$ cat target05.txt   # compact mmCIF, C-alpha atoms
# COMPACT_ATOMS: atom_id res chain seq x y z
CA MET A 1 0.00 0.00 0.00
CA LYS A 2 2.86 2.38 0.89
CA PHE A 3 4.65 1.54 -2.34
CA SER A 4 1.52 2.32 -4.38
CA LEU A 5 1.14 5.68 -2.64
CA PHE A 6 4.82 6.59 -3.12
CA ALA A 7 4.65 5.50 -6.77
CA ALA A 8 1.61 7.69 -7.39
CA LEU A 9 3.30 10.65 -5.72
CA ALA A 10 6.42 10.10 -7.82
CA ILE A 11 4.36 10.10 -11.03
CA MET A 12 2.62 13.29 -10.00
CA ALA A 13 5.94 14.92 -9.18
CA SER A 14 7.37 13.88 -12.55
CA SER A 15 4.42 15.45 -14.35
CA ALA A 16 4.84 18.65 -12.37
CA ASN A 17 8.54 18.76 -13.31
CA GLY A 18 7.74 18.90 -17.02
CA PHE A 19 7.47 15.27 -18.09
CA SER A 20 4.69 14.99 -20.71
CA ALA A 21 1.70 12.74 -20.16
CA VAL A 22 1.04 9.81 -22.46
CA ALA A 23 -0.88 10.98 -25.54
CA PRO A 24 -4.41 9.62 -25.99
CA LYS A 25 -4.66 6.60 -28.26
CA THR A 26 -6.49 7.03 -31.58
CA TYR A 27 -8.07 4.10 -33.36
CA THR A 28 -8.78 5.21 -36.92
CA SER A 29 -11.42 3.71 -39.18
CA THR A 30 -10.48 2.50 -42.63
CA LEU A 31 -13.42 1.91 -44.94
CA ASP A 32 -13.49 -0.22 -48.06
CA LYS A 33 -13.29 1.98 -51.17
CA ALA A 34 -16.48 0.43 -52.56
CA TRP A 35 -18.35 1.63 -49.47
CA THR A 36 -17.30 5.24 -50.09
CA THR A 37 -17.82 5.46 -53.86
CA PRO A 38 -21.42 6.47 -54.63
CA VAL A 39 -23.46 4.28 -56.93
CA GLU A 40 -24.36 5.74 -60.29
CA GLU A 41 -27.77 6.63 -61.61
CA GLY A 42 -29.30 3.58 -63.23
CA ALA A 43 -27.66 1.19 -60.77
CA GLU A 44 -29.67 -1.24 -58.66
CA ILE A 45 -29.79 -0.53 -54.95
CA PRO A 46 -28.40 -3.09 -52.46
CA ASN A 47 -30.90 -5.63 -51.19
CA VAL A 48 -30.20 -5.71 -47.46
CA VAL A 49 -32.13 -6.35 -44.25
CA PHE A 50 -33.39 -3.46 -42.14
CA LYS A 51 -33.94 -4.33 -38.48
CA THR A 52 -37.17 -2.47 -37.73
CA ARG A 53 -39.68 -2.34 -34.91
CA THR A 54 -43.32 -2.89 -35.85
CA ARG A 55 -46.42 -2.21 -33.77
CA ILE A 56 -48.27 -5.27 -32.43
CA GLU A 57 -51.51 -5.95 -30.57
CA SER A 58 -50.51 -5.34 -26.97
CA ASP A 59 -51.42 -3.26 -23.92
CA ASP A 60 -47.75 -3.10 -22.96
CA GLU A 61 -46.12 0.33 -22.72
CA ASN A 62 -43.78 -0.79 -25.51
CA PRO A 63 -46.17 -2.47 -28.00
CA PHE A 64 -43.55 -3.34 -30.61
CA ASP A 65 -41.67 -6.37 -31.86
CA TRP A 66 -38.75 -6.87 -34.22
CA LYS A 67 -39.49 -7.15 -37.92
CA ASP A 68 -36.95 -7.72 -40.69
CA LEU A 69 -37.70 -5.76 -43.85
CA THR A 70 -35.60 -6.14 -46.99
CA SER A 71 -34.87 -3.50 -49.58
CA GLU A 72 -37.22 -5.40 -51.89
CA ASP A 73 -40.01 -5.16 -49.31
CA LEU A 74 -39.58 -1.40 -49.23
CA PHE A 75 -38.63 -0.45 -52.79
CA LYS A 76 -39.62 -3.16 -55.28
CA GLY A 77 -42.43 -2.13 -57.62
CA LYS A 78 -42.50 1.37 -56.11
CA ARG A 79 -41.15 4.82 -56.90
CA ILE A 80 -39.62 6.09 -53.66
CA VAL A 81 -37.96 9.32 -52.59
CA LEU A 82 -35.14 8.53 -50.18
CA PHE A 83 -33.08 11.07 -48.28
CA SER A 84 -30.20 10.09 -46.06
CA LEU A 85 -28.58 12.06 -43.27
CA PRO A 86 -25.69 11.73 -40.79
CA GLY A 87 -27.65 11.32 -37.58
CA ALA A 88 -30.91 11.56 -35.69
CA PHE A 89 -31.10 14.52 -33.30
CA THR A 90 -28.23 16.34 -35.06
CA PRO A 91 -28.75 20.05 -35.91
CA THR A 92 -29.25 20.32 -39.69
CA CYS A 93 -31.02 16.97 -39.87
CA SER A 94 -33.48 18.04 -37.18
CA SER A 95 -33.98 21.71 -38.03
CA THR A 96 -34.22 21.52 -41.82
CA HIS A 97 -33.67 18.21 -43.60
CA LEU A 98 -36.39 16.02 -42.07
CA PRO A 99 -38.88 18.87 -41.43
CA GLY A 100 -38.56 19.97 -45.06
CA TYR A 101 -39.54 16.57 -46.42
CA GLU A 102 -42.29 16.13 -43.86
CA ALA A 103 -43.79 19.47 -44.96
CA ALA A 104 -43.46 18.57 -48.66
CA TYR A 105 -44.71 14.98 -48.25
CA ASP A 106 -48.18 15.47 -49.76
CA GLU A 107 -46.82 17.47 -52.69
CA ILE A 108 -44.15 14.84 -53.40
CA LYS A 109 -46.76 12.08 -53.36
CA LYS A 110 -48.80 13.93 -55.98
CA LEU A 111 -45.77 13.97 -58.28
CA GLY A 112 -45.78 10.24 -58.97
CA VAL A 113 -44.08 9.02 -55.79
CA ASP A 114 -45.37 6.15 -53.64
CA ASP A 115 -43.63 7.11 -50.40
CA VAL A 116 -40.81 9.06 -48.78
CA TYR A 117 -38.13 7.40 -46.61
CA CYS A 118 -35.56 9.04 -44.33
CA LEU A 119 -32.51 6.88 -43.64
CA SER A 120 -29.85 7.25 -40.98
CA VAL A 121 -27.22 4.98 -39.43
CA ASN A 122 -29.08 4.76 -36.14
CA ASP A 123 -31.03 1.93 -34.56
CA ALA A 124 -34.82 1.60 -34.63
CA PHE A 125 -35.23 2.82 -31.04
CA VAL A 126 -33.36 6.07 -31.71
CA MET A 127 -35.20 6.68 -34.98
CA ARG A 128 -38.63 6.35 -33.33
CA GLN A 129 -37.74 8.67 -30.48
CA TRP A 130 -36.35 11.21 -32.94
CA GLY A 131 -39.56 11.07 -34.96
CA LEU A 132 -41.64 11.64 -31.84
CA HIS A 133 -39.34 14.49 -30.80
CA GLN A 134 -39.81 16.02 -34.26
CA GLY A 135 -43.57 15.94 -33.82
CA LEU A 136 -44.23 13.42 -36.59
CA THR A 137 -47.64 11.77 -36.41
CA GLU A 138 -47.19 8.17 -35.35
CA ASP A 139 -48.91 5.41 -37.28
CA LYS A 140 -50.53 3.34 -34.54
CA THR A 141 -52.02 0.66 -36.77
CA VAL A 142 -50.77 -2.88 -36.22
CA GLY A 143 -47.91 -3.58 -38.60
CA GLY A 144 -47.40 0.11 -39.39
CA LEU A 145 -44.07 1.55 -40.57
CA GLY A 146 -43.76 3.97 -37.67
CA PHE A 147 -45.12 7.30 -38.90
CA GLU A 148 -47.95 8.41 -41.18
CA LYS A 149 -45.94 10.57 -43.56
CA VAL A 150 -42.12 10.31 -43.87
CA LYS A 151 -40.99 6.82 -42.82
CA LEU A 152 -37.78 6.61 -40.78
CA LEU A 153 -35.49 3.75 -41.83
CA PRO A 154 -32.88 2.50 -39.34
CA ASP A 155 -29.68 1.43 -41.07
CA GLY A 156 -28.00 0.68 -37.77
CA ALA A 157 -25.39 -1.71 -39.15
CA CYS A 158 -24.64 0.55 -42.13
CA GLN A 159 -25.44 -2.21 -44.61
CA PHE A 160 -27.55 -0.18 -47.05
CA THR A 161 -25.24 2.82 -46.71
CA ARG A 162 -22.19 0.76 -47.61
CA GLY A 163 -23.99 -0.79 -50.56
CA MET A 164 -24.89 2.67 -51.84
CA GLY A 165 -21.25 3.75 -51.54
CA MET A 166 -22.19 6.51 -49.08
CA SER A 167 -20.28 5.42 -45.98
CA CYS A 168 -18.15 7.94 -44.11
CA VAL A 169 -16.73 8.65 -40.68
CA TRP A 170 -16.38 11.81 -38.64
CA ASP A 171 -14.36 10.17 -35.85
CA SER A 172 -11.72 12.89 -35.40
CA GLU A 173 -14.04 15.68 -36.55
CA ARG A 174 -17.21 15.06 -34.50
CA GLY A 175 -16.64 11.82 -32.61
CA PHE A 176 -19.00 9.97 -34.97
CA GLY A 177 -18.31 6.44 -36.03
CA GLU A 178 -19.41 5.13 -39.42
CA ARG A 179 -22.36 7.11 -40.77
CA THR A 180 -24.01 7.97 -44.05
CA TRP A 181 -23.05 10.94 -46.19
CA ARG A 182 -25.92 13.34 -46.82
CA TYR A 183 -27.77 12.67 -50.08
CA SER A 184 -31.19 12.19 -51.63
CA ALA A 185 -32.42 9.91 -54.39
CA VAL A 186 -35.38 8.81 -56.41
CA ILE A 187 -35.51 5.02 -56.52
CA ASP A 188 -37.81 3.47 -59.09
CA ASP A 189 -38.39 -0.27 -58.71
CA MET A 190 -35.03 -0.90 -57.00
CA LYS A 191 -33.04 1.26 -59.44
CA VAL A 192 -31.57 4.71 -58.88
CA GLU A 193 -33.44 7.11 -61.13
CA LYS A 194 -31.86 10.30 -59.75
CA LEU A 195 -29.14 10.94 -57.18
CA PHE A 196 -28.26 14.17 -55.38
CA VAL A 197 -24.98 13.82 -53.45
CA GLU A 198 -23.88 16.74 -51.30
CA GLY A 199 -20.62 18.15 -52.64
CA GLY A 200 -20.67 15.58 -55.44
CA GLU A 201 -18.63 13.07 -53.43
CA VAL A 202 -18.28 11.37 -50.07
CA VAL A 203 -15.71 13.06 -47.82
CA GLN A 204 -14.16 11.42 -44.77
CA ASN A 205 -13.92 13.56 -41.62
CA SER A 206 -15.35 16.52 -43.45
CA GLY A 207 -15.24 19.82 -41.60
CA PRO A 208 -18.28 21.26 -43.38
CA ASP A 209 -21.58 19.39 -43.48
CA PRO A 210 -22.89 20.58 -46.88
CA PHE A 211 -26.63 20.87 -47.37
CA GLU A 212 -27.28 22.30 -50.82
CA VAL A 213 -28.85 19.67 -53.12
CA SER A 214 -30.46 16.96 -50.97
CA ASP A 215 -33.17 19.27 -49.60
CA SER A 216 -36.89 18.84 -50.27
CA GLY A 217 -37.08 21.91 -52.53
CA THR A 218 -34.51 20.52 -54.96
CA MET A 219 -36.32 17.19 -54.96
CA VAL A 220 -39.70 18.77 -55.66
CA ASP A 221 -38.22 20.77 -58.54
CA TYR A 222 -36.77 17.59 -60.04
CA LEU A 223 -40.04 15.68 -59.72
CA LYS A 224 -41.97 18.53 -61.33
CA SER A 225 -39.51 18.56 -64.25
CA LYS A 226 -40.17 14.87 -64.82
CA SER A 227 -43.95 15.18 -64.59
CA ASN A 228 -44.21 17.90 -67.27

$ encode --input "target05.txt" --output "structure tokens"
Amino acid sequence: MKFSLFAALAIMASSANGFSAVAPKTYTSTLDKAWTTPVEEGAEIPNVVFKTRTRIESDDENPFDWKDLTSEDLFKGKRIVLFSLPGAFTPTCSSTHLPGYEAAYDEIKKLGVDDVYCLSVNDAFVMRQWGLHQGLTEDKTVGGLGFEKVKLLPDGACQFTRGMGMSCVWDSERGFGERTWRYSAVIDDMKVEKLFVEGGEVVQNSGPDPFEVSDSGTMVDYLKSKSN
């Protein structure tokens, strides 16, 4: 016990005399190039499994159970607007990106779109709480996809994001692990009809978080141009 005390005092004295402390360890993430190279328009989207929570018949305070949905379940035979963002509860995503699409939902549907999905690399629990926090109207029917208008897709394991070539990290920049780059797309029957990638490319540990082309206004303008 005495030795431990003396040793601790010696270490403290050494630090006070100018000896530098051990630098923090950094474990960097290296992503496969294919995961960070965006797919091209005309390409087929990856068919992966989304781990979702679906409402069930129950009086429990948490009336949900796990439900696996594949990309084909969500996109096949449909024309879908998808927008993807770095994280639930983050500033731009919460103040502008999701609210913009929620406000434009009815207009987008009238322009030949079956539904609108918001994707983030977060789990199903986080995505639901974010939706509630955003004031989205919850779909309380049994088997519902969470919310009445924009549907929130949890890509918690980053499988869809990697397959789309949109994977990035902000580990040294924001303390984020692997996330999705910000983008939007029109997906028609499992194929990418139109793709809007912020900055035109995926950037690792980007300082800026660009938000210029994946917004709802740009998407509405595109859809109108195709419906004329």

$ atom_distance --input "target05.txt" --atom1 "CA of Asp139 (chain A)" --atom2 "CA of Arg79 (chain A)"
21.1 Å

$ residues_near_point --input "target05.txt" --point "(-43.5, -4.8, -40.2)" --cutoff "8 Å" --atoms "only C-alpha atoms" --output "PyMOL selection string"
chain A and resi 52-55+66-69+143-145

$ write_last_selection --input "target05.txt" --atoms "C-alpha atoms" --output "tab-separated table (two decimals), in the frame of the given file"
chain	number	residue	atom	x	y	z
A	52	THR	CA	-37.17	-2.47	-37.73
A	53	ARG	CA	-39.68	-2.34	-34.91
A	54	THR	CA	-43.32	-2.89	-35.85
A	55	ARG	CA	-46.42	-2.21	-33.77
A	66	TRP	CA	-38.75	-6.87	-34.22
A	67	LYS	CA	-39.49	-7.15	-37.92
A	68	ASP	CA	-36.95	-7.72	-40.69
A	69	LEU	CA	-37.70	-5.76	-43.85
A	143	GLY	CA	-47.91	-3.58	-38.60
A	144	GLY	CA	-47.40	0.11	-39.39
A	145	LEU	CA	-44.07	1.55	-40.57

$ residues_around --input "target05.txt" --residues "region 129-134 of chain A" --least-positions-apart "6" --cutoff "8 Å" --atoms "all atoms listed in the file" --output "VMD selection string"
chain A and resid 88 to 89 94 99 147 152

$ write_last_selection --input "target05.txt" --atoms "C-alpha atoms" --output "short mmCIF file (atom, residue, chain, number, x, y, z; two decimals), keeping the file's coordinate frame"
data_model
loop_
_atom_site.label_atom_id
_atom_site.label_comp_id
_atom_site.auth_asym_id
_atom_site.auth_seq_id
_atom_site.Cartn_x
_atom_site.Cartn_y
_atom_site.Cartn_z
CA ALA A 88 -30.91 11.56 -35.69
CA PHE A 89 -31.10 14.52 -33.30
CA SER A 94 -33.48 18.04 -37.18
CA PRO A 99 -38.88 18.87 -41.43
CA PHE A 147 -45.12 7.30 -38.90
CA LEU A 152 -37.78 6.61 -40.78
#

$ residues_near_point --input "target05.txt" --point "(-20.6, 2.1, -51.6)" --cutoff "10 Å" --atoms "all atoms listed in the file" --output "mmCIF file with C-alpha atoms, in the frame of the given file"
data_model
loop_
_atom_site.group_PDB
_atom_site.id
_atom_site.type_symbol
_atom_site.label_atom_id
_atom_site.label_comp_id
_atom_site.auth_asym_id
_atom_site.auth_seq_id
_atom_site.Cartn_x
_atom_site.Cartn_y
_atom_site.Cartn_z
ATOM 1 C CA LEU A 31 -13.420 1.910 -44.940
ATOM 2 C CA ASP A 32 -13.490 -0.220 -48.060
ATOM 3 C CA LYS A 33 -13.290 1.980 -51.170
ATOM 4 C CA ALA A 34 -16.480 0.430 -52.560
ATOM 5 C CA TRP A 35 -18.350 1.630 -49.470
ATOM 6 C CA THR A 36 -17.300 5.240 -50.090
ATOM 7 C CA THR A 37 -17.820 5.460 -53.860
ATOM 8 C CA PRO A 38 -21.420 6.470 -54.630
ATOM 9 C CA VAL A 39 -23.460 4.280 -56.930
ATOM 10 C CA PRO A 46 -28.400 -3.090 -52.460
ATOM 11 C CA GLN A 159 -25.440 -2.210 -44.610
ATOM 12 C CA PHE A 160 -27.550 -0.180 -47.050
ATOM 13 C CA THR A 161 -25.240 2.820 -46.710
ATOM 14 C CA ARG A 162 -22.190 0.760 -47.610
ATOM 15 C CA GLY A 163 -23.990 -0.790 -50.560
ATOM 16 C CA MET A 164 -24.890 2.670 -51.840
ATOM 17 C CA GLY A 165 -21.250 3.750 -51.540
ATOM 18 C CA MET A 166 -22.190 6.510 -49.080
ATOM 19 C CA SER A 167 -20.280 5.420 -45.980
ATOM 20 C CA CYS A 168 -18.150 7.940 -44.110
ATOM 21 C CA VAL A 202 -18.280 11.370 -50.070
#

$ closest_residue --input "target05.txt" --among "A:Asp155, A:Glu138, A:Glu148, A:Asp189" --to "Val48 (chain A)" --atoms "all atoms listed in the file"
A:Asp155

$ atom_distance --input "target05.txt" --atom1 "CA of Lys109 (chain A)" --atom2 "CA of Phe211 (chain A)"
22.8 Å
